[in-house]
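Structure record follows, encoded as structure tokens.
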Amino acid sequence: MTINPQNKSYSSPALEFKSTMFSVPVLGVASDDLKLIEQVLNEKIKLAPEFFKHSPVILDFYDLNKKQLTLSLDALLALVLKVGLFVVGVRGGSEEQHQQAIDLGIAVTANTEIKAELPKASKVIAAPKDDDPISDDSTTVLITKPIRSGQRIYSHGDLIVLAQVGAGAEILAEGNIHVYGTLRGRALAGVQGNVDARIFCSDLQAELISIAGHYKISDDIQGAVSNTPIQIYLQKNALVIKTIA
Amino acid sequence: MARIIVVTSGKGGVGKTTTSAAISMGLAKKGHKTVVIDFDVGLRNLDLIMGCERRVVYDIINVINGEASINQALIKDKNCNLLSILPASQTRNKDALTQEGVGKILEELSKDFKYIVCDSPAGIEQGAHLAMYFADDAFIVTNPEVSSVRDSDRILGLLSSKSQRAEKNDEPIKEYLILTRYAPERVKSGEMLSLDDVQDILSLDLLGVIPESKSVLTASNSGNPVILDEKSDAGQAYSDIVARYLGETRPHRFIDGKKGLFRKLFGGG
């Protein structure tokens with residue numbers, strides 16, 4: 001089986017898509033008091049004015065919605081622009097808020113809606129819904145041949161490898177990663193911020209493991225037994241490495 | 001249609017040219033019209049190993065640039081007339097090679113020859129890329145040593161994604177492992193990676209193991225491919241490899257090291 005073609009870069013004489021990753025700060029909004037928001041924002045920006053000047057940000061409405069507060073997106077955008085930040089995306093909002101953002105030409109990142117407190121296990125193995133408009137992107141990428149040093153695989157959903165991953169290879173997924181073989185390279189799960197993503201492998205010899213940006217390098221994976229099935233997940237922002245009994 | 005074989009490794013100095021010379025000689029000796037091409041533009045040494053360095057007039061770059069025909073550049077081997085050599089240029093560099101040029105040469109050679117052996121340079125740049133681009137079979141030459149194994153792994157990744165077969169979605173290049181400079185005593189004492197260690201990482205079809213041997217240096221000094229030294233262990237190992245490639249089954253003789261008569265009679269070790 002060949003590697004998912006979405007991982008090849010699309011090139012043509014006119015323009016070229018390149019796959020890169022860069023981090024954008026997320027601004028979590030938890031109040032509907034615009035004056036208070038402006039005050040706190042200015043205080044934060046004063047701490048590192050050059051860093052924040054014209055910085056892109058992503059607005060996260062999860063806490064706002066959890067508290068059942070409402071805020072005018074227009075007013076908030078104007079305010080954020082006033083303090084010198086550029087909103088490039090929103091997340092954690094309701095359907096309506098996301099649609100408002102799209103109408104204003106702002107991207108919706110990480111397809112999360114108002115979350116109910118679901119038990120962790122069912123979140124991890126939730127299948128993409130059939131009527132999900134971007135379900136094409138969140139399909140599982142399946143690799144059956146060994147991943148060689150220098151190769152880089154990216155999945156918008158889960159990633160399953162039915163062979164070993166070589167040293168010097170990189171596998172990334174927005175969802176979970178399963179390696180039914182020896183994992184020797186770098187594995188990064190939940191790369192768009194999904195803190196519930198997990199990494200599973202039959203033999204952990206990785207150079208680097210990461211979930212939603214929290215990472216450990218090989219030196220720090222002490223005590224982990226090799227040659228035995230292992231799962232890695234985030235607990236309170238720390239990576240937990242556990243043998244699968 | 002000729003079968004195009006690339007002898008590649010990633011890592012330098014592992015035995016690609018030695019292997020290319022030995023295998024192309026072996027195929028020719030078995031009655032198949034074979035040509036071996038040096039893709040290491042600027043650092044050519046296939047002509048030295050084959051013993052024809054004093055007969056080089058035109059090279060592959062001359063042919064690509066239209067300055068000479070293929071037949072003017074090909075050199076008939078002094079030992080076997082079914083074997084020809086296409087040398088690389090020593091004065092230019094790898095930028096002179098073009099995909100189109102190489103493609104045309106291989107197409108023309110395919111008409112006359114049964115096997116085309118491409119001796120790749122080390123690295124993953126233009127020369128190595130073009131040597132592997134048109135290949136049907138790949139011999140991955142690896143030393144039982146960590147950096148060689150890592151580089152071979154890298155080359156395997158490139159073979160499966162950057163070759164003509166990969167781009168056309170044809171049947172993939174058939175990959176084989178040739179493990180060179182193998183010293184069974186050092187493997188036993190734990191100093192050297194074993195065949196199993198290497199296969200753990202590369203998982204390839206094993207074409208053969210070539211033992212570390214003084215005969216390799218003697219062969220390159222004399223300009224005769226080591227396979228012609230029928231008494232040497234390396235020469236015999238290459239003969240086994242050619243036979244296996246052509247479909248014969250031969251046991252692997254050089255993985256376990258020599259057992260003295262005493263040991264053979266009384267066991268142990």
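Ordering of the structure tokens sets the chain letters (A, B, ...), residue numbers begin anew at 1 in every chain, and ligands are numbered from 1 in the order given.
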
(message) Using only C-alpha atoms, which protein or nucleic acid residues come within 10 Å of Arg184 (chain A)? Drop anything in the same chain fewer than 5 positions from it, and give the result as a ChimeraX atom specification.
(response) /A:147,149,164-170,203-208,218 /B:201

Would you output that residue set with N, CA, C and O atoms, as a PDB file, in the first residue's frame?
```pdb
ATOM      1  N   ILE A 147       8.325   2.449   7.715  1.00  0.00           N
ATOM      2  CA  ILE A 147       8.578   3.853   7.440  1.00  0.00           C
ATOM      3  C   ILE A 147      10.062   4.092   7.616  1.00  0.00           C
ATOM      4  O   ILE A 147      10.620   3.855   8.685  1.00  0.00           O
ATOM      5  N   SER A 149      13.929   5.936   7.464  1.00  0.00           N
ATOM      6  CA  SER A 149      14.577   7.142   7.974  1.00  0.00           C
ATOM      7  C   SER A 149      14.417   8.281   6.991  1.00  0.00           C
ATOM      8  O   SER A 149      14.623   8.102   5.804  1.00  0.00           O
ATOM      9  N   GLN A 164       7.378  -1.249  11.286  1.00  0.00           N
ATOM     10  CA  GLN A 164       8.190  -0.444  12.188  1.00  0.00           C
ATOM     11  C   GLN A 164       8.408   0.965  11.631  1.00  0.00           C
ATOM     12  O   GLN A 164       8.248   1.208  10.442  1.00  0.00           O
ATOM     13  N   VAL A 165       8.766   1.856  12.532  1.00  0.00           N
ATOM     14  CA  VAL A 165       9.081   3.231  12.147  1.00  0.00           C
ATOM     15  C   VAL A 165      10.582   3.419  12.386  1.00  0.00           C
ATOM     16  O   VAL A 165      11.057   3.255  13.504  1.00  0.00           O
ATOM     17  N   GLY A 166      11.325   3.763  11.325  1.00  0.00           N
ATOM     18  CA  GLY A 166      12.776   3.823  11.422  1.00  0.00           C
ATOM     19  C   GLY A 166      13.289   5.045  12.169  1.00  0.00           C
ATOM     20  O   GLY A 166      12.609   6.062  12.274  1.00  0.00           O
ATOM     21  N   ALA A 167      14.518   4.934  12.681  1.00  0.00           N
ATOM     22  CA  ALA A 167      15.155   6.067  13.344  1.00  0.00           C
ATOM     23  C   ALA A 167      15.346   7.177  12.333  1.00  0.00           C
ATOM     24  O   ALA A 167      15.823   6.930  11.245  1.00  0.00           O
ATOM     25  N   GLY A 168      14.988   8.404  12.688  1.00  0.00           N
ATOM     26  CA  GLY A 168      15.116   9.503  11.743  1.00  0.00           C
ATOM     27  C   GLY A 168      13.858   9.739  10.944  1.00  0.00           C
ATOM     28  O   GLY A 168      13.797  10.643  10.114  1.00  0.00           O
ATOM     29  N   ALA A 169      12.809   8.927  11.155  1.00  0.00           N
ATOM     30  CA  ALA A 169      11.524   9.157  10.496  1.00  0.00           C
ATOM     31  C   ALA A 169      10.652   9.966  11.443  1.00  0.00           C
ATOM     32  O   ALA A 169      10.859   9.972  12.650  1.00  0.00           O
ATOM     33  N   GLU A 170       9.639  10.652  10.856  1.00  0.00           N
ATOM     34  CA  GLU A 170       8.720  11.451  11.688  1.00  0.00           C
ATOM     35  C   GLU A 170       7.305  11.089  11.331  1.00  0.00           C
ATOM     36  O   GLU A 170       6.951  11.124  10.146  1.00  0.00           O
ATOM     37  N   ASP A 203       6.576  -1.500  20.723  1.00  0.00           N
ATOM     38  CA  ASP A 203       7.942  -1.498  21.233  1.00  0.00           C
ATOM     39  C   ASP A 203       8.426  -0.061  21.199  1.00  0.00           C
ATOM     40  O   ASP A 203       8.625   0.488  20.125  1.00  0.00           O
ATOM     41  N   LEU A 204       8.575   0.554  22.363  1.00  0.00           N
ATOM     42  CA  LEU A 204       8.921   1.969  22.413  1.00  0.00           C
ATOM     43  C   LEU A 204      10.433   2.161  22.425  1.00  0.00           C
ATOM     44  O   LEU A 204      11.100   1.863  23.406  1.00  0.00           O
ATOM     45  N   GLN A 205      10.977   2.653  21.281  1.00  0.00           N
ATOM     46  CA  GLN A 205      12.398   3.014  21.244  1.00  0.00           C
ATOM     47  C   GLN A 205      12.516   4.373  20.567  1.00  0.00           C
ATOM     48  O   GLN A 205      13.474   4.649  19.862  1.00  0.00           O
ATOM     49  N   ALA A 206      11.505   5.217  20.829  1.00  0.00           N
ATOM     50  CA  ALA A 206      11.380   6.449  20.065  1.00  0.00           C
ATOM     51  C   ALA A 206      12.456   7.472  20.418  1.00  0.00           C
ATOM     52  O   ALA A 206      12.960   7.498  21.538  1.00  0.00           O
ATOM     53  N   GLU A 207      12.778   8.328  19.450  1.00  0.00           N
ATOM     54  CA  GLU A 207      13.697   9.435  19.704  1.00  0.00           C
ATOM     55  C   GLU A 207      12.956  10.569  20.391  1.00  0.00           C
ATOM     56  O   GLU A 207      13.521  11.308  21.197  1.00  0.00           O
ATOM     57  N   LEU A 208      11.664  10.731  20.041  1.00  0.00           N
ATOM     58  CA  LEU A 208      10.872  11.798  20.633  1.00  0.00           C
ATOM     59  C   LEU A 208       9.406  11.431  20.539  1.00  0.00           C
ATOM     60  O   LEU A 208       8.948  10.934  19.528  1.00  0.00           O
ATOM     61  N   SER A 218      14.175  10.853  23.994  1.00  0.00           N
ATOM     62  CA  SER A 218      14.550   9.497  24.355  1.00  0.00           C
ATOM     63  C   SER A 218      15.228   9.416  25.725  1.00  0.00           C
ATOM     64  O   SER A 218      14.935   8.536  26.530  1.00  0.00           O
TER      65      SER A 218
ATOM     66  N   ILE B 201      16.310  -3.756  11.434  1.00  0.00           N
ATOM     67  CA  ILE B 201      16.054  -2.378  11.048  1.00  0.00           C
ATOM     68  C   ILE B 201      15.700  -2.262   9.576  1.00  0.00           C
ATOM     69  O   ILE B 201      14.839  -1.482   9.194  1.00  0.00           O
TER      70      ILE B 201
END
```

(message) Set the distance at 12 Å and use only C-alpha atoms: which residues neighbour Ile124 (chain B) once local chain neighbours fewer than 3 positions away are removed? I'd like the list as a PyMOL selection string.
(response) (chain A and resi 150) or (chain B and resi 8-12+40+94+120-121+127-133+151-159+162)

Same residues, C-alpha atoms, output as a short mmCIF file (atom, residue, chain, number, x, y, z; two decimals), in the first residue's frame:
```cif
data_model
loop_
_atom_site.label_atom_id
_atom_site.label_comp_id
_atom_site.auth_asym_id
_atom_site.auth_seq_id
_atom_site.Cartn_x
_atom_site.Cartn_y
_atom_site.Cartn_z
CA GLY A 150 13.92 10.62 6.59
CA THR B 8 23.61 2.00 -3.76
CA SER B 9 24.08 2.57 -0.05
CA GLY B 10 23.86 6.17 1.10
CA LYS B 11 26.98 5.77 3.18
CA GLY B 12 30.34 6.10 1.47
CA ASP B 40 30.21 9.17 -9.57
CA LYS B 94 27.37 15.90 -10.84
CA SER B 120 25.87 4.92 -7.50
CA PRO B 121 27.98 7.53 -5.73
CA GLY B 127 24.35 11.46 -8.90
CA ALA B 128 22.78 9.00 -6.45
CA HIS B 129 19.29 10.11 -7.43
CA LEU B 130 19.86 9.54 -11.14
CA ALA B 131 21.61 6.21 -10.58
CA MET B 132 18.52 4.89 -8.76
CA TYR B 133 15.79 6.69 -10.71
CA ASP B 151 21.99 5.68 5.77
CA SER B 152 20.75 2.54 4.04
CA ASP B 153 17.39 3.03 5.70
CA ARG B 154 17.29 6.55 4.29
CA ILE B 155 18.10 5.32 0.80
CA LEU B 156 15.29 2.78 1.03
CA GLY B 157 12.89 5.62 1.75
CA LEU B 158 14.10 7.47 -1.33
CA LEU B 159 13.88 4.35 -3.50
CA LYS B 162 11.69 9.15 -5.71
#
```

(message) Using only C-alpha atoms, which protein or nucleic acid residues come within 12 Å of Leu48 (chain B)? Drop anything in the same chain fewer than 4 positions from it, and give the result as an MDAnalysis selection string.
(response) chainID B and resid 17:18 21 38 43:44 52:56 77 85 87:88 219:225

Could you write out that same residue set with N, CA and C atoms as a PDB file, in the first residue's frame?
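Dumped everything to selection_1.pdb:
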```pdb
ATOM      1  N   THR B  17      31.374   0.175  -5.275  1.00  0.00           N
ATOM      2  CA  THR B  17      32.107  -0.020  -6.511  1.00  0.00           C
ATOM      3  C   THR B  17      32.675  -1.428  -6.573  1.00  0.00           C
ATOM      4  N   THR B  18      33.193  -1.927  -5.454  1.00  0.00           N
ATOM      5  CA  THR B  18      33.680  -3.308  -5.402  1.00  0.00           C
ATOM      6  C   THR B  18      32.567  -4.265  -5.812  1.00  0.00           C
ATOM      7  N   ALA B  21      31.550  -3.915  -9.597  1.00  0.00           N
ATOM      8  CA  ALA B  21      32.535  -4.566 -10.462  1.00  0.00           C
ATOM      9  C   ALA B  21      32.363  -6.072 -10.391  1.00  0.00           C
ATOM     10  N   ASP B  38      29.467   4.039 -14.282  1.00  0.00           N
ATOM     11  CA  ASP B  38      29.934   4.796 -13.113  1.00  0.00           C
ATOM     12  C   ASP B  38      29.174   6.122 -13.051  1.00  0.00           C
ATOM     13  N   LEU B  43      34.500  11.980  -9.263  1.00  0.00           N
ATOM     14  CA  LEU B  43      35.282  11.126  -8.361  1.00  0.00           C
ATOM     15  C   LEU B  43      35.230   9.698  -8.883  1.00  0.00           C
ATOM     16  N   ARG B  44      35.514   9.544 -10.159  1.00  0.00           N
ATOM     17  CA  ARG B  44      35.320   8.204 -10.724  1.00  0.00           C
ATOM     18  C   ARG B  44      36.371   7.239 -10.209  1.00  0.00           C
ATOM     19  N   CYS B  52      40.614  -0.502 -16.302  1.00  0.00           N
ATOM     20  CA  CYS B  52      40.611   0.063 -17.661  1.00  0.00           C
ATOM     21  C   CYS B  52      40.891   1.559 -17.635  1.00  0.00           C
ATOM     22  N   GLU B  53      41.548   2.029 -16.598  1.00  0.00           N
ATOM     23  CA  GLU B  53      41.737   3.478 -16.459  1.00  0.00           C
ATOM     24  C   GLU B  53      42.611   4.079 -17.550  1.00  0.00           C
ATOM     25  N   ARG B  54      43.391   3.235 -18.212  1.00  0.00           N
ATOM     26  CA  ARG B  54      44.254   3.786 -19.258  1.00  0.00           C
ATOM     27  C   ARG B  54      43.602   3.741 -20.629  1.00  0.00           C
ATOM     28  N   ARG B  55      42.350   3.269 -20.643  1.00  0.00           N
ATOM     29  CA  ARG B  55      41.697   3.187 -21.949  1.00  0.00           C
ATOM     30  C   ARG B  55      40.481   4.098 -22.043  1.00  0.00           C
ATOM     31  N   VAL B  56      40.388   5.079 -21.110  1.00  0.00           N
ATOM     32  CA  VAL B  56      39.211   5.948 -21.127  1.00  0.00           C
ATOM     33  C   VAL B  56      39.431   7.095 -22.097  1.00  0.00           C
ATOM     34  N   ASP B  77      35.712  -4.903 -21.544  1.00  0.00           N
ATOM     35  CA  ASP B  77      36.571  -5.374 -20.470  1.00  0.00           C
ATOM     36  C   ASP B  77      37.652  -6.327 -20.988  1.00  0.00           C
ATOM     37  N   ILE B  85      32.181  -1.265 -19.965  1.00  0.00           N
ATOM     38  CA  ILE B  85      32.178  -0.262 -18.890  1.00  0.00           C
ATOM     39  C   ILE B  85      31.911   1.109 -19.488  1.00  0.00           C
ATOM     40  N   PRO B  87      32.496   4.767 -18.301  1.00  0.00           N
ATOM     41  CA  PRO B  87      33.097   5.505 -17.188  1.00  0.00           C
ATOM     42  C   PRO B  87      32.441   6.863 -16.953  1.00  0.00           C
ATOM     43  N   ALA B  88      32.717   7.421 -15.760  1.00  0.00           N
ATOM     44  CA  ALA B  88      32.225   8.755 -15.445  1.00  0.00           C
ATOM     45  C   ALA B  88      33.283   9.768 -15.868  1.00  0.00           C
ATOM     46  N   ALA B 219      42.546  -7.066  -5.053  1.00  0.00           N
ATOM     47  CA  ALA B 219      41.817  -6.996  -6.321  1.00  0.00           C
ATOM     48  C   ALA B 219      41.813  -5.581  -6.867  1.00  0.00           C
ATOM     49  N   SER B 220      41.546  -4.602  -6.015  1.00  0.00           N
ATOM     50  CA  SER B 220      41.456  -3.239  -6.557  1.00  0.00           C
ATOM     51  C   SER B 220      42.836  -2.754  -6.988  1.00  0.00           C
ATOM     52  N   ASN B 221      43.892  -3.209  -6.301  1.00  0.00           N
ATOM     53  CA  ASN B 221      45.244  -2.830  -6.724  1.00  0.00           C
ATOM     54  C   ASN B 221      45.592  -3.391  -8.080  1.00  0.00           C
ATOM     55  N   SER B 222      45.067  -4.582  -8.365  1.00  0.00           N
ATOM     56  CA  SER B 222      45.443  -5.220  -9.622  1.00  0.00           C
ATOM     57  C   SER B 222      44.475  -4.890 -10.746  1.00  0.00           C
ATOM     58  N   GLY B 223      43.385  -4.223 -10.425  1.00  0.00           N
ATOM     59  CA  GLY B 223      42.427  -3.870 -11.472  1.00  0.00           C
ATOM     60  C   GLY B 223      41.630  -5.048 -11.971  1.00  0.00           C
ATOM     61  N   ASN B 224      41.445  -6.049 -11.115  1.00  0.00           N
ATOM     62  CA  ASN B 224      40.605  -7.195 -11.475  1.00  0.00           C
ATOM     63  C   ASN B 224      39.513  -7.347 -10.427  1.00  0.00           C
ATOM     64  N   PRO B 225      38.241  -7.360 -10.850  1.00  0.00           N
ATOM     65  CA  PRO B 225      37.172  -7.513  -9.857  1.00  0.00           C
ATOM     66  C   PRO B 225      37.404  -8.744  -8.986  1.00  0.00           C
TER      67      PRO B 225
END
```

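CA of Asn169 (chain B) is found 26.9 Å from CA of Val149 (chain B).
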
Shell of 7 Å around region 23-33 of chain B, only C-alpha atoms, local chain residues under 6 positions omitted, as an mmCIF file with C-alpha atoms, in the first residue's frame:
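After the write, selection.cif holds the following:
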```cif
data_model
loop_
_atom_site.group_PDB
_atom_site.id
_atom_site.type_symbol
_atom_site.label_atom_id
_atom_site.label_comp_id
_atom_site.auth_asym_id
_atom_site.auth_seq_id
_atom_site.Cartn_x
_atom_site.Cartn_y
_atom_site.Cartn_z
ATOM 1 C CA CYS B 80 35.424 -10.873 -20.473
ATOM 2 C CA LEU B 82 30.474 -9.740 -22.747
ATOM 3 C CA LEU B 83 31.207 -6.985 -20.224
ATOM 4 C CA PHE B 113 22.541 -5.431 -23.089
ATOM 5 C CA LYS B 114 20.764 -7.864 -20.797
ATOM 6 C CA TYR B 115 21.884 -6.289 -17.516
ATOM 7 C CA VAL B 117 24.551 -2.196 -13.441
ATOM 8 C CA ILE B 227 35.013 -12.252 -8.088
ATOM 9 C CA TYR B 238 30.143 -12.633 -4.757
ATOM 10 C CA SER B 239 29.803 -15.726 -6.937
ATOM 11 C CA VAL B 242 25.299 -13.690 -8.638
#
```

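Of the residues listed (A:Asn176, A:Thr139, A:Gln39, A:Gln151), A:Gln151 shows the shortest atom-to-atom separation from chain B; distances use only C-alpha atoms.
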
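When only C-alpha atoms are used to measure the gap to Arg186 (chain B), the shortest distance among B:Asn81, B:Asp95, B:Gly257, B:Gly123 belongs to B:Gly257.
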
(request) Mind the document's chain letters and residue numbers, and return as JSON, numbers by chain the residues of region 95-249 of chain B that DSSP labels alpha helix (DSSP H). (result) {"B": [99, 100, 101, 102, 103, 104, 105, 106, 107, 108, 109, 110, 111, 112, 126, 127, 128, 129, 130, 131, 132, 133, 146, 147, 148, 149, 150, 151, 152, 153, 154, 155, 156, 157, 158, 159, 160, 161, 164, 165, 166, 167, 168, 184, 185, 186, 187, 188, 195, 196, 197, 198, 199, 200, 201, 202, 215, 216, 217, 218, 219, 220, 221, 222, 233, 234, 235, 236, 237, 238, 239, 240, 241, 242, 243, 244, 245]}

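CA of Ala187 (chain A) is found 23.4 Å from CA of Val26 (chain A).
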
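Using only C-alpha atoms, the nearest neighbour of chain A within the list B:Leu207, B:Ala2, B:Val146, B:Val187 is B:Val146.
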
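Among the candidates A:His98, A:Gly193, A:Ile232, A:Tyr180, the residue lying nearest to Val24 (chain A) is A:Gly193 (atoms considered: only C-alpha atoms).
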
(message) Just want the 8 Å neighbourhood of Ala183 (chain B), counted on only C-alpha atoms, with same-chain residues fewer than 5 positions away dropped. Output as a PyMOL selection string.
(response) chain B and resi 192+211-212+257

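Of the listed residues (A:Ala245, A:Leu234, A:Val240, A:Ile153), A:Ile153 comes nearest to chain B; the distances count only C-alpha atoms.
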
Among the residues of region 1-98 of chain B, find those DSSP assigns to strand (DSSP E) from the backbone and print them as an mmCIF file with N, CA and C atoms, in the first residue's frame.
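Writing the result to result.cif gives the following:
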```cif
data_model
loop_
_atom_site.group_PDB
_atom_site.id
_atom_site.type_symbol
_atom_site.label_atom_id
_atom_site.label_comp_id
_atom_site.auth_asym_id
_atom_site.auth_seq_id
_atom_site.Cartn_x
_atom_site.Cartn_y
_atom_site.Cartn_z
ATOM 1 N N ARG B 3 17.454 -5.403 -17.704
ATOM 2 C CA ARG B 3 17.132 -5.263 -16.286
ATOM 3 C C ARG B 3 18.131 -4.264 -15.719
ATOM 4 N N ILE B 4 17.640 -3.176 -15.125
ATOM 5 C CA ILE B 4 18.545 -2.150 -14.607
ATOM 6 C C ILE B 4 18.713 -2.342 -13.105
ATOM 7 N N ILE B 5 19.958 -2.529 -12.698
ATOM 8 C CA ILE B 5 20.258 -2.757 -11.281
ATOM 9 C C ILE B 5 21.036 -1.558 -10.755
ATOM 10 N N VAL B 6 20.603 -0.985 -9.636
ATOM 11 C CA VAL B 6 21.397 0.073 -9.023
ATOM 12 C C VAL B 6 22.083 -0.499 -7.774
ATOM 13 N N VAL B 7 23.369 -0.196 -7.635
ATOM 14 C CA VAL B 7 24.107 -0.604 -6.437
ATOM 15 C C VAL B 7 24.316 0.661 -5.621
ATOM 16 N N THR B 8 23.621 0.747 -4.497
ATOM 17 C CA THR B 8 23.606 2.000 -3.761
ATOM 18 C C THR B 8 23.729 1.735 -2.269
ATOM 19 N N THR B 34 26.506 -7.615 -20.345
ATOM 20 C CA THR B 34 26.316 -6.697 -19.220
ATOM 21 C C THR B 34 27.109 -5.421 -19.423
ATOM 22 N N VAL B 35 26.552 -4.296 -18.970
ATOM 23 C CA VAL B 35 27.306 -3.037 -18.967
ATOM 24 C C VAL B 35 27.248 -2.469 -17.549
ATOM 25 N N VAL B 36 28.380 -1.931 -17.094
ATOM 26 C CA VAL B 36 28.404 -1.324 -15.763
ATOM 27 C C VAL B 36 28.746 0.162 -15.939
ATOM 28 N N ILE B 37 27.942 1.032 -15.296
ATOM 29 C CA ILE B 37 28.058 2.479 -15.496
ATOM 30 C C ILE B 37 28.490 3.157 -14.194
ATOM 31 N N ASP B 38 29.467 4.039 -14.282
ATOM 32 C CA ASP B 38 29.934 4.796 -13.113
ATOM 33 C C ASP B 38 29.174 6.122 -13.051
ATOM 34 N N ILE B 75 33.799 0.864 -22.984
ATOM 35 C CA ILE B 75 35.094 0.177 -22.999
ATOM 36 C C ILE B 75 34.845 -1.305 -22.788
ATOM 37 N N LYS B 76 35.402 -2.142 -23.681
ATOM 38 C CA LYS B 76 35.243 -3.585 -23.527
ATOM 39 C C LYS B 76 36.202 -4.054 -22.442
ATOM 40 N N LEU B 83 31.336 -8.058 -21.217
ATOM 41 C CA LEU B 83 31.207 -6.985 -20.224
ATOM 42 C C LEU B 83 31.754 -5.681 -20.779
ATOM 43 N N SER B 84 30.978 -4.598 -20.647
ATOM 44 C CA SER B 84 31.439 -3.277 -21.064
ATOM 45 C C SER B 84 31.330 -2.310 -19.900
ATOM 46 N N ILE B 85 32.181 -1.265 -19.965
ATOM 47 C CA ILE B 85 32.178 -0.262 -18.890
ATOM 48 C C ILE B 85 31.911 1.109 -19.488
ATOM 49 N N LEU B 86 31.030 1.895 -18.854
ATOM 50 C CA LEU B 86 30.821 3.285 -19.253
ATOM 51 C C LEU B 86 31.339 4.156 -18.120
#
```

(request) Excluding region 54-64 of chain A and residues on its chain fewer than 2 positions from it, collect all residues at most 9 Å away from it, counting only C-alpha atoms, and give them as a ChimeraX atom specification. (result) /A:24-32,50-52,66-71,81,83-94,97,108-109,112-115

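Between Lys111 (chain B) and the residues B:Met1, B:Leu74, B:Ile60, B:Val198, the shortest atom-to-atom distance, using only C-alpha atoms, involves B:Met1.
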
(message) Could you tell me how far CA of Leu183 (chain A) sits from CA of Ile217 (chain A), in Å to one decimal place?
(response) 13.1 Å
